[in-house]
$ cat my_file-v2.cif   # mmCIF, C-alpha atoms
data_model
loop_
_atom_site.group_PDB
_atom_site.id
_atom_site.type_symbol
_atom_site.label_atom_id
_atom_site.label_comp_id
_atom_site.auth_asym_id
_atom_site.auth_seq_id
_atom_site.Cartn_x
_atom_site.Cartn_y
_atom_site.Cartn_z
ATOM 1 C CA MET W 75 0.000 0.000 0.000
ATOM 2 C CA ILE W 76 1.021 3.600 -0.638
ATOM 3 C CA VAL W 77 -0.013 6.348 1.792
ATOM 4 C CA THR W 78 0.056 9.996 0.741
ATOM 5 C CA LEU W 79 -0.099 13.052 2.962
ATOM 6 C CA THR W 80 -1.571 16.283 1.606
ATOM 7 C CA ALA W 81 -1.346 18.865 4.364
ATOM 8 C CA ASN W 82 -2.579 21.640 2.076
ATOM 9 C CA PRO W 83 -5.304 20.129 -0.150
ATOM 10 C CA SER W 84 -7.029 22.152 -2.822
ATOM 11 C CA VAL W 85 -9.733 22.259 -5.411
ATOM 12 C CA ASP W 86 -7.759 22.465 -8.650
ATOM 13 C CA ARG W 87 -9.666 24.521 -11.199
ATOM 14 C CA THR W 88 -8.366 24.832 -14.760
ATOM 15 C CA VAL W 89 -9.557 27.424 -17.267
ATOM 16 C CA THR W 90 -8.617 26.506 -20.844
ATOM 17 C CA LEU W 91 -8.068 29.257 -23.405
ATOM 18 C CA THR W 92 -7.973 28.952 -27.188
ATOM 19 C CA GLU W 93 -5.741 32.007 -27.526
ATOM 20 C CA PRO W 94 -2.617 33.258 -25.740
ATOM 21 C CA LEU W 95 -3.135 34.831 -22.331
ATOM 22 C CA ARG W 96 -2.871 38.609 -22.576
ATOM 23 C CA ARG W 97 -2.430 40.505 -19.347
ATOM 24 C CA GLY W 98 -5.167 43.081 -18.720
ATOM 25 C CA GLN W 99 -7.427 41.741 -21.497
ATOM 26 C CA VAL W 100 -10.803 39.960 -21.465
ATOM 27 C CA HIS W 101 -10.701 36.262 -22.423
ATOM 28 C CA ARG W 102 -13.422 33.713 -23.123
ATOM 29 C CA ALA W 103 -12.869 30.305 -21.570
ATOM 30 C CA ALA W 104 -13.104 27.329 -23.898
ATOM 31 C CA GLY W 105 -13.606 25.043 -20.915
ATOM 32 C CA VAL W 106 -13.417 24.860 -17.127
ATOM 33 C CA THR W 107 -12.684 21.746 -15.063
ATOM 34 C CA SER W 108 -12.345 21.139 -11.315
ATOM 35 C CA HIS W 109 -10.777 18.179 -9.524
ATOM 36 C CA PRO W 110 -9.700 17.327 -5.972
ATOM 37 C CA GLY W 111 -6.083 18.381 -5.730
ATOM 38 C CA GLY W 112 -2.956 19.012 -3.776
ATOM 39 C CA LYS W 113 0.186 17.093 -4.675
ATOM 40 C CA GLY W 114 -0.452 14.122 -2.403
ATOM 41 C CA VAL W 115 -4.031 13.825 -3.638
ATOM 42 C CA ASN W 116 -2.739 13.866 -7.220
ATOM 43 C CA VAL W 117 -0.276 11.067 -6.436
ATOM 44 C CA ALA W 118 -3.081 9.067 -4.815
ATOM 45 C CA ARG W 119 -5.329 9.528 -7.860
ATOM 46 C CA VAL W 120 -2.644 8.236 -10.240
ATOM 47 C CA VAL W 121 -1.673 5.334 -7.967
ATOM 48 C CA ALA W 122 -5.334 4.311 -7.641
ATOM 49 C CA ALA W 123 -5.795 4.489 -11.416
ATOM 50 C CA GLY W 124 -2.734 2.241 -11.715
ATOM 51 C CA GLY W 125 -4.470 -0.416 -9.641
ATOM 52 C CA ALA W 126 -2.394 -0.204 -6.456
ATOM 53 C CA PRO W 127 -3.926 0.220 -3.004
ATOM 54 C CA VAL W 128 -3.577 3.767 -1.692
ATOM 55 C CA VAL W 129 -4.800 5.856 1.210
ATOM 56 C CA ALA W 130 -4.820 9.654 0.987
ATOM 57 C CA VAL W 131 -4.361 11.371 4.349
ATOM 58 C CA LEU W 132 -5.508 14.989 4.576
ATOM 59 C CA PRO W 133 -7.247 17.557 6.760
ATOM 60 C CA GLY W 134 -10.887 18.004 5.769
ATOM 61 C CA ALA W 135 -14.504 17.811 6.890
ATOM 62 C CA ASP W 136 -16.973 15.232 5.556
ATOM 63 C CA ASP W 137 -18.542 17.806 3.233
ATOM 64 C CA ASP W 138 -15.185 19.080 2.002
ATOM 65 C CA PRO W 139 -15.183 19.047 -1.830
ATOM 66 C CA VAL W 140 -11.758 17.381 -1.915
ATOM 67 C CA VAL W 141 -12.959 14.608 0.408
ATOM 68 C CA HIS W 142 -16.132 14.300 -1.650
ATOM 69 C CA GLY W 143 -14.053 13.948 -4.821
ATOM 70 C CA LEU W 144 -11.953 11.165 -3.299
ATOM 71 C CA ARG W 145 -15.055 9.388 -2.030
ATOM 72 C CA THR W 146 -16.892 9.484 -5.355
ATOM 73 C CA SER W 147 -13.739 8.298 -7.153
ATOM 74 C CA GLY W 148 -13.453 5.303 -4.857
ATOM 75 C CA ILE W 149 -10.031 6.354 -3.545
ATOM 76 C CA GLY W 150 -9.240 5.391 0.024
ATOM 77 C CA TYR W 151 -8.744 8.268 2.435
ATOM 78 C CA ARG W 152 -8.383 9.163 6.099
ATOM 79 C CA THR W 153 -9.060 12.663 7.385
ATOM 80 C CA VAL W 154 -8.506 14.872 10.393
ATOM 81 C CA PRO W 155 -11.574 17.117 10.793
ATOM 82 C CA VAL W 156 -10.875 20.825 10.368
ATOM 83 C CA ALA W 157 -13.003 23.950 10.081
ATOM 84 C CA GLY W 158 -13.413 25.785 6.806
ATOM 85 C CA GLY W 159 -13.070 24.763 3.191
ATOM 86 C CA PRO W 160 -9.974 24.003 1.119
ATOM 87 C CA ARG W 161 -8.094 26.512 -0.970
ATOM 88 C CA VAL W 162 -8.778 26.897 -4.680
ATOM 89 C CA ASN W 163 -5.806 26.718 -7.058
ATOM 90 C CA LEU W 164 -6.452 28.282 -10.446
ATOM 91 C CA THR W 165 -4.597 27.180 -13.582
ATOM 92 C CA ILE W 166 -4.902 29.053 -16.865
ATOM 93 C CA ALA W 167 -3.987 26.691 -19.707
ATOM 94 C CA GLU W 168 -3.150 28.009 -23.178
ATOM 95 C CA SER W 169 -3.390 25.973 -26.358
ATOM 96 C CA ASP W 170 0.399 25.573 -26.691
ATOM 97 C CA GLY W 171 0.669 23.934 -23.266
ATOM 98 C CA THR W 172 1.731 27.066 -21.362
ATOM 99 C CA THR W 173 0.173 27.140 -17.900
ATOM 100 C CA THR W 174 -0.159 30.007 -15.453
ATOM 101 C CA LYS W 175 -0.952 29.046 -11.873
ATOM 102 C CA ILE W 176 -2.436 31.108 -9.049
ATOM 103 C CA ASN W 177 -2.403 29.171 -5.773
ATOM 104 C CA GLU W 178 -4.186 30.251 -2.613
ATOM 105 C CA PRO W 179 -2.232 29.892 0.654
ATOM 106 C CA GLY W 180 -4.595 27.394 2.307
ATOM 107 C CA ARG W 181 -6.157 27.105 5.732
ATOM 108 C CA PRO W 182 -3.926 27.073 8.845
ATOM 109 C CA LEU W 183 -3.602 23.909 10.922
ATOM 110 C CA THR W 184 -3.440 23.861 14.716
ATOM 111 C CA GLY W 185 -0.903 21.945 16.782
ATOM 112 C CA ARG W 186 -3.621 19.434 17.679
ATOM 113 C CA GLU W 187 -4.472 18.859 14.026
ATOM 114 C CA LEU W 188 -0.817 18.343 13.128
ATOM 115 C CA ALA W 189 -0.495 15.829 15.965
ATOM 116 C CA GLU W 190 -3.569 13.948 14.709
ATOM 117 C CA LEU W 191 -2.197 13.831 11.170
ATOM 118 C CA THR W 192 1.100 12.478 12.522
ATOM 119 C CA ALA W 193 -0.733 9.822 14.525
ATOM 120 C CA LEU W 194 -2.659 8.741 11.425
ATOM 121 C CA LEU W 195 0.568 8.308 9.460
ATOM 122 C CA VAL W 196 2.162 6.315 12.294
ATOM 123 C CA GLU W 197 -0.904 4.062 12.365
ATOM 124 C CA LEU W 198 -0.919 3.512 8.606
ATOM 125 C CA ALA W 199 2.829 2.877 8.466
ATOM 126 C CA ALA W 200 2.159 -0.657 9.711
ATOM 127 C CA GLU W 201 0.653 -1.498 6.313
ATOM 128 C CA ALA W 202 2.463 0.969 4.039
ATOM 129 C CA GLU W 203 5.272 0.211 1.632
ATOM 130 C CA TRP W 204 5.692 3.943 0.987
ATOM 131 C CA ILE W 205 4.538 7.107 2.750
ATOM 132 C CA VAL W 206 4.595 10.165 0.492
ATOM 133 C CA LEU W 207 4.881 13.643 2.043
ATOM 134 C CA SER W 208 3.906 15.938 -0.764
ATOM 135 C CA GLY W 209 3.196 19.593 -1.486
ATOM 136 C CA SER W 210 3.321 22.910 0.329
ATOM 137 C CA LEU W 211 2.584 23.439 4.006
ATOM 138 C CA PRO W 212 -0.367 25.592 5.117
ATOM 139 C CA PRO W 213 0.187 28.949 6.838
ATOM 140 C CA GLY W 214 1.488 28.683 10.386
ATOM 141 C CA VAL W 215 2.808 25.127 10.099
ATOM 142 C CA PRO W 216 6.486 24.856 11.143
ATOM 143 C CA VAL W 217 8.704 24.708 8.058
ATOM 144 C CA ASP W 218 10.519 21.685 9.495
ATOM 145 C CA TRP W 219 7.334 19.617 9.965
ATOM 146 C CA TYR W 220 8.181 17.300 7.062
ATOM 147 C CA ALA W 221 11.648 16.858 8.540
ATOM 148 C CA GLN W 222 10.046 15.975 11.867
ATOM 149 C CA LEU W 223 7.759 13.469 10.145
ATOM 150 C CA VAL W 224 10.699 11.816 8.375
ATOM 151 C CA ALA W 225 12.491 11.409 11.695
ATOM 152 C CA THR W 226 9.324 9.932 13.257
ATOM 153 C CA LEU W 227 8.320 7.626 10.410
ATOM 154 C CA ALA W 228 11.666 6.417 9.054
ATOM 155 C CA PRO W 229 12.362 3.893 11.865
ATOM 156 C CA LEU W 230 8.873 2.337 11.673
ATOM 157 C CA ARG W 231 8.427 -1.161 10.332
ATOM 158 C CA ALA W 232 5.436 -3.051 9.003
ATOM 159 C CA SER W 233 3.367 -5.023 11.470
ATOM 160 C CA ASN W 234 5.212 -8.247 10.590
ATOM 161 C CA GLY W 235 8.570 -6.559 11.132
ATOM 162 C CA ALA W 236 9.848 -7.771 7.771
ATOM 163 C CA ARG W 237 10.445 -4.399 6.197
ATOM 164 C CA ARG W 238 10.767 -0.726 6.978
ATOM 165 C CA THR W 239 8.267 1.759 5.644
ATOM 166 C CA ARG W 240 9.985 3.988 3.100
ATOM 167 C CA ILE W 241 9.478 7.753 2.928
ATOM 168 C CA ALA W 242 9.252 9.894 -0.217
ATOM 169 C CA VAL W 243 9.166 13.701 -0.098
ATOM 170 C CA ASP W 244 8.141 16.144 -2.818
ATOM 171 C CA THR W 245 8.101 19.745 -1.632
ATOM 172 C CA SER W 246 9.931 23.037 -2.179
ATOM 173 C CA ASP W 247 11.303 26.195 -0.576
ATOM 174 C CA ALA W 248 11.759 26.263 3.221
ATOM 175 C CA PRO W 249 10.172 22.827 3.942
ATOM 176 C CA LEU W 250 12.534 21.256 1.387
ATOM 177 C CA LEU W 251 15.604 23.000 2.779
ATOM 178 C CA ALA W 252 14.633 21.949 6.306
ATOM 179 C CA LEU W 253 15.017 18.292 5.319
ATOM 180 C CA PHE W 254 18.757 18.823 5.067
ATOM 181 C CA THR W 255 19.599 20.697 8.221
ATOM 182 C CA GLU W 256 22.520 19.323 10.190
ATOM 183 C CA SER W 257 20.234 18.429 13.095
ATOM 184 C CA LEU W 258 18.065 16.124 10.975
ATOM 185 C CA GLY W 259 17.972 12.665 12.495
ATOM 186 C CA ALA W 260 16.914 10.827 9.334
ATOM 187 C CA ALA W 261 16.819 11.363 5.584
ATOM 188 C CA PRO W 262 14.076 10.392 3.122
ATOM 189 C CA ASP W 263 14.367 7.257 1.038
ATOM 190 C CA LEU W 264 13.371 9.291 -2.024
ATOM 191 C CA VAL W 265 13.147 12.981 -2.874
ATOM 192 C CA LYS W 266 11.645 14.281 -6.119
ATOM 193 C CA PRO W 267 12.893 17.788 -6.922
ATOM 194 C CA ASN W 268 12.504 19.581 -10.224
ATOM 195 C CA SER W 269 15.426 21.621 -11.547
ATOM 196 C CA ASP W 270 14.402 24.732 -9.562
ATOM 197 C CA GLU W 271 14.123 22.752 -6.328
ATOM 198 C CA LEU W 272 17.401 20.953 -6.956
ATOM 199 C CA ALA W 273 18.950 24.400 -7.395
ATOM 200 C CA GLN W 274 17.491 25.487 -4.048
ATOM 201 C CA LEU W 275 19.217 22.574 -2.353
ATOM 202 C CA THR W 276 22.594 22.917 -4.052
ATOM 203 C CA GLY W 277 22.923 26.653 -4.753
ATOM 204 C CA LEU W 278 23.439 25.951 -8.466
ATOM 205 C CA ASP W 279 21.781 27.655 -11.430
ATOM 206 C CA PRO W 280 18.479 25.951 -12.323
ATOM 207 C CA VAL W 281 19.116 26.565 -16.021
ATOM 208 C CA ASP W 282 22.371 24.604 -15.785
ATOM 209 C CA LEU W 283 20.534 21.774 -14.016
ATOM 210 C CA GLU W 284 18.331 21.188 -17.036
ATOM 211 C CA ASP W 285 21.366 19.335 -18.404
ATOM 212 C CA PRO W 286 21.037 15.687 -17.275
ATOM 213 C CA ALA W 287 24.709 15.241 -16.372
ATOM 214 C CA ALA W 288 24.716 18.411 -14.271
ATOM 215 C CA ALA W 289 21.463 17.403 -12.609
ATOM 216 C CA ALA W 290 22.870 13.968 -11.774
ATOM 217 C CA SER W 291 26.003 15.513 -10.266
ATOM 218 C CA ALA W 292 23.888 17.851 -8.148
ATOM 219 C CA ALA W 293 21.566 15.017 -7.086
ATOM 220 C CA SER W 294 24.577 12.946 -6.015
ATOM 221 C CA LEU W 295 25.297 15.556 -3.343
ATOM 222 C CA LEU W 296 21.943 14.716 -1.751
ATOM 223 C CA ILE W 297 22.846 11.018 -1.822
ATOM 224 C CA ASP W 298 26.034 11.882 0.050
ATOM 225 C CA ARG W 299 23.822 13.568 2.664
ATOM 226 C CA GLY W 300 21.878 10.369 3.319
ATOM 227 C CA VAL W 301 19.002 10.357 0.820
ATOM 228 C CA GLY W 302 18.292 6.916 -0.613
ATOM 229 C CA ALA W 303 17.421 8.050 -4.147
ATOM 230 C CA VAL W 304 16.823 11.287 -6.033
ATOM 231 C CA LEU W 305 14.292 11.433 -8.864
ATOM 232 C CA ALA W 306 14.943 14.818 -10.487
ATOM 233 C CA THR W 307 12.363 15.799 -13.092
ATOM 234 C CA LEU W 308 13.666 18.126 -15.790
ATOM 235 C CA GLY W 309 10.485 19.092 -17.608
ATOM 236 C CA ALA W 310 10.565 18.493 -21.350
ATOM 237 C CA ALA W 311 14.125 17.117 -21.069
ATOM 238 C CA GLY W 312 13.037 14.061 -19.076
ATOM 239 C CA ALA W 313 14.385 13.003 -15.676
ATOM 240 C CA VAL W 314 17.386 11.562 -13.885
ATOM 241 C CA LEU W 315 17.492 8.988 -11.115
ATOM 242 C CA VAL W 316 20.499 8.851 -8.814
ATOM 243 C CA THR W 317 21.156 6.289 -6.086
ATOM 244 C CA ALA W 318 24.226 5.343 -4.084
ATOM 245 C CA GLU W 319 25.044 2.731 -6.724
ATOM 246 C CA ASP W 320 24.495 4.487 -10.045
ATOM 247 C CA ALA W 321 22.713 7.177 -12.075
ATOM 248 C CA TRP W 322 20.385 7.058 -15.076
ATOM 249 C CA PHE W 323 18.792 9.488 -17.504
ATOM 250 C CA ALA W 324 15.570 9.016 -19.456
ATOM 251 C CA ALA W 325 14.517 11.491 -22.134
ATOM 252 C CA ALA W 326 10.880 12.465 -22.451
ATOM 253 C CA PRO W 327 9.114 11.078 -25.543
ATOM 254 C CA PRO W 328 7.817 13.516 -28.164
ATOM 255 C CA ILE W 329 4.353 14.776 -27.218
ATOM 256 C CA VAL W 330 2.062 17.710 -27.856
ATOM 257 C CA PRO W 331 2.021 19.501 -24.475
ATOM 258 C CA ARG W 332 -1.397 20.559 -23.232
ATOM 259 C CA SER W 333 -0.900 21.190 -19.496
ATOM 260 C CA THR W 334 1.923 20.706 -17.011
ATOM 261 C CA VAL W 335 -0.488 20.443 -14.060
ATOM 262 C CA GLY W 336 0.210 17.258 -12.102
ATOM 263 C CA ALA W 337 3.111 16.150 -14.301
ATOM 264 C CA GLY W 338 5.604 15.907 -11.435
ATOM 265 C CA ASP W 339 3.041 14.188 -9.204
ATOM 266 C CA SER W 340 2.304 11.701 -11.989
ATOM 267 C CA ALA W 341 6.022 11.012 -12.438
ATOM 268 C CA LEU W 342 6.378 10.268 -8.728
ATOM 269 C CA ALA W 343 3.311 8.020 -8.791
ATOM 270 C CA GLY W 344 4.685 6.159 -11.823
ATOM 271 C CA TYR W 345 7.986 5.594 -10.027
ATOM 272 C CA LEU W 346 6.196 4.194 -6.971
ATOM 273 C CA LEU W 347 3.939 1.951 -9.064
ATOM 274 C CA ALA W 348 6.993 0.525 -10.813
ATOM 275 C CA ASP W 349 8.735 0.018 -7.479
ATOM 276 C CA LEU W 350 5.736 -1.893 -6.102
ATOM 277 C CA ALA W 351 5.869 -4.072 -9.222
ATOM 278 C CA GLY W 352 9.510 -4.955 -8.490
ATOM 279 C CA ALA W 353 11.049 -2.957 -11.361
ATOM 280 C CA ASP W 354 14.765 -2.217 -11.377
ATOM 281 C CA PRO W 355 15.937 1.414 -11.050
ATOM 282 C CA ALA W 356 16.164 2.061 -14.795
ATOM 283 C CA ASP W 357 12.613 0.819 -15.349
ATOM 284 C CA ARG W 358 11.349 2.824 -12.387
ATOM 285 C CA LEU W 359 12.810 5.905 -14.074
ATOM 286 C CA ARG W 360 11.312 4.976 -17.456
ATOM 287 C CA THR W 361 7.896 4.549 -15.866
ATOM 288 C CA ALA W 362 8.205 7.879 -14.055
ATOM 289 C CA VAL W 363 9.011 9.705 -17.295
ATOM 290 C CA ALA W 364 6.217 7.914 -19.169
ATOM 291 C CA TYR W 365 3.675 8.968 -16.532
ATOM 292 C CA GLY W 366 4.942 12.553 -16.342
ATOM 293 C CA SER W 367 4.866 12.911 -20.116
ATOM 294 C CA ALA W 368 1.380 11.413 -20.307
ATOM 295 C CA ALA W 369 0.142 13.962 -17.773
ATOM 296 C CA THR W 370 1.608 16.808 -19.834
ATOM 297 C CA ALA W 371 -0.253 15.544 -22.908
ATOM 298 C CA LEU W 372 -3.620 15.633 -21.093
ATOM 299 C CA PRO W 373 -5.752 18.782 -20.872
ATOM 300 C CA GLY W 374 -6.502 20.708 -17.694
ATOM 301 C CA THR W 375 -6.091 18.819 -14.445
ATOM 302 C CA GLY W 376 -6.432 15.415 -16.102
ATOM 303 C CA LEU W 377 -4.125 12.755 -14.673
ATOM 304 C CA PRO W 378 -2.946 9.636 -16.509
ATOM 305 C CA GLY W 379 -3.896 6.023 -16.077
ATOM 306 C CA PRO W 380 -2.294 2.904 -17.545
ATOM 307 C CA VAL W 381 -4.124 3.393 -20.861
ATOM 308 C CA ASP W 382 -2.277 6.691 -21.359
ATOM 309 C CA ILE W 383 1.207 5.264 -20.797
ATOM 310 C CA VAL W 384 3.541 4.371 -23.669
ATOM 311 C CA LEU W 385 6.460 2.833 -21.807
ATOM 312 C CA ASP W 386 8.185 1.591 -24.954
ATOM 313 C CA ALA W 387 8.655 5.217 -26.058
ATOM 314 C CA VAL W 388 11.004 5.868 -23.108
ATOM 315 C CA THR W 389 14.546 4.534 -22.780
ATOM 316 C CA ALA W 390 16.962 4.984 -19.909
ATOM 317 C CA ARG W 391 20.739 5.173 -20.184
ATOM 318 C CA PRO W 392 23.363 5.167 -17.434
ATOM 319 C CA LEU W 393 25.140 8.347 -16.441
ATOM 320 C CA GLN W 394 28.057 8.790 -14.067
ATOM 321 C CA THR W 395 28.682 6.130 -11.451
ATOM 322 C CA THR W 396 29.170 6.595 -7.733
ATOM 323 C CA SER W 397 32.936 6.665 -8.157
ATOM 324 C CA ASP W 398 32.618 9.544 -10.628
ATOM 325 C CA ARG W 399 30.640 11.770 -8.299
ATOM 326 C CA PRO W 400 32.228 14.910 -6.895
ATOM 327 C CA ALA W 401 32.900 15.075 -3.199
ATOM 328 C CA PRO W 402 30.130 16.767 -1.173
ATOM 329 C CA ALA W 403 30.598 20.468 -0.480
#

$ encode --input "my_file-v2.cif" --output "structure tokens"
Amino acid sequence: MIVTLTANPSVDRTVTLTEPLRRGQVHRAAGVTSHPGGKGVNVARVVAAGGAPVVAVLPGADDDPVVHGLRTSGIGYRTVPVAGGPRVNLTIAESDGTTTKINEPGRPLTGRELAELTALLVELAAEAEWIVLSGSLPPGVPVDWYAQLVATLAPLRASNGARRTRIAVDTSDAPLLALFTESLGAAPDLVKPNSDELAQLTGLDPVDLEDPAAAASAASLLIDRGVGAVLATLGAAGAVLVTAEDAWFAAAPPIVPRSTVGAGDSALAGYLLADLAGADPADRLRTAVAYGSAATALPGTGLPGPVDIVLDAVTARPLQTTSDRPAPA
């Protein structure tokens, strides 16, 4: 089973335009769609579509539209009751695939609510192969909360004691940087930065990190700091996967881009689905790129399922080995 945490869920609303967005002008929408969202919810939706058991953990009341969307889609979920509705994230999608996003900050969470979310994750860890901590944190939540969760969850094992629950993190800005403070007691088994987020962690230029070799070298620094694997998504260029043993690059297949919404979440979900199926690292990377590319080819907030995936269109090749990596700074 895969468990996802979405601390800052949203209703993801996409407005599709048939012409380029022009600032200060009136536009007519060609279509409007709304889906339950937040990065962890997106991962859960793709995992469920892929046929794997998943539980989405989030704050929300029974009549919350995000909870309602999960319920009607048949996706497993557990909630901590909170007051108020979720934020609304607006995406403006142009016909050439350009997307403009306007994200609301979200509703604050109290210390009690954070403690209840933590307790839910600890409970579910007994059955989880992976726990995914994904997305931004709501206002007022300590920026190191994900780091605290990693330290709490990383030592936990399944109820039969045969394996340890693995932790994946996909976030940005201060919560991402807090994962790598010197006081951190544990590191994630997987982090999924894009080139901008990898730049935040390494101090390098994000434009330079669009080059796969440079991205792999930067990701190797996170491996040297204890991370089990780094899945760095590079947009239209594809993605790299770096572990302590080796590094791989997979180019994205040619597609007609329609929306980048959920592409990174879909890539992470594809990686996890492949891992559950016992795939080797190169095939996990291929599956991640196939899912991310499929999401980009879908309109609005549509997320891919197995029918959308063309795995044969993606190949992975090795990059630098562990011995080639630069020493950590």

$ closest_residue --input "my_file-v2.cif" --among "W:Val330, W:Ala356, W:Ile297, W:Val85" --to "Phe254 (chain W)" --atoms "only C-alpha atoms"
W:Ile297

$ atom_distance --input "my_file-v2.cif" --atom1 "CA of Gly185 (chain W)" --atom2 "CA of Arg152 (chain W)"
18.3 Å

$ resolve_selection --input "my_file-v2.cif" --expression "the PyMOL selection byres ((chain W and resi 190) around 12)" --output "list of chain:residue names"
W:Ala81, W:Val131, W:Leu132, W:Pro133, W:Arg152, W:Thr153, W:Val154, W:Pro155, W:Val156, W:Leu183, W:Thr184, W:Gly185, W:Arg186, W:Glu187, W:Leu188, W:Ala189, W:Leu191, W:Thr192, W:Ala193, W:Leu194, W:Leu195, W:Val196, W:Glu197

$ closest_residue --input "my_file-v2.cif" --among "W:Thr370, W:Asn177, W:Thr88, W:Ser147" --to "Ile383 (chain W)" --atoms "all atoms listed in the file"
W:Thr370

$ atom_distance --input "my_file-v2.cif" --atom1 "CA of Thr334 (chain W)" --atom2 "CA of Pro110 (chain W)"
16.4 Å

$ closest_residue --input "my_file-v2.cif" --among "W:Val335, W:Val115, W:Ala273, W:Ala326" --to "Gly309 (chain W)" --atoms "only C-alpha atoms"
W:Ala326

$ resolve_selection --input "my_file-v2.cif" --expression "the PyMOL selection byres ((chain W and resi 368) around 9)" --output "list in words"
Ile329, Ala337, Ser340, Val363, Ala364, Tyr365, Gly366, Ser367, Ala369, Thr370, Ala371, Leu372, Leu377, Pro378, Gly379, Asp382, Ile383 and Val384 of chain W

$ closest_residue --input "my_file-v2.cif" --among "W:Thr173, W:Thr107, W:Asn116, W:Thr239" --to "Pro83 (chain W)" --atoms "all atoms listed in the file"
W:Asn116

$ closest_residue --input "my_file-v2.cif" --among "W:Ser269, W:Ser208, W:Ser169, W:Thr317" --to "Asp282 (chain W)" --atoms "only C-alpha atoms"
W:Ser269

$ atom_distance --input "my_file-v2.cif" --atom1 "CA of Ala290 (chain W)" --atom2 "CA of Ser333 (chain W)"
26.0 Å

$ closest_residue --input "my_file-v2.cif" --among "W:Leu315, W:Leu223, W:Ala202, W:Val89" --to "Leu164 (chain W)" --atoms "all atoms listed in the file"
W:Val89

$ resolve_selection --input "my_file-v2.cif" --expression "the PyMOL selection byres ((chain W and resi 301) around 6)" --output "VMD selection string"
chain W and resid 261 to 263 296 to 297 300 302 to 303

$ residues_around --input "my_file-v2.cif" --residues "Ala228 (chain W)" --least-positions-apart "6" --cutoff "7 Å" --atoms "all atoms listed in the file" --output "ChimeraX atom specification"
/W:239-241,260

$ residues_around --input "my_file-v2.cif" --residues "Ala325 (chain W)" --least-positions-apart "6" --cutoff "12 Å" --atoms "all atoms listed in the file" --output "list in words"
Glu284, Asp285, Pro286, Thr307, Leu308, Gly309, Ala310, Ala311, Gly312, Ala313, Val314, Leu315, Leu359, Arg360, Thr361, Ala362, Val363, Ala364, Gly366, Ser367, Leu385, Ala387, Val388, Thr389, Ala390, Arg391 and Pro392 of chain W
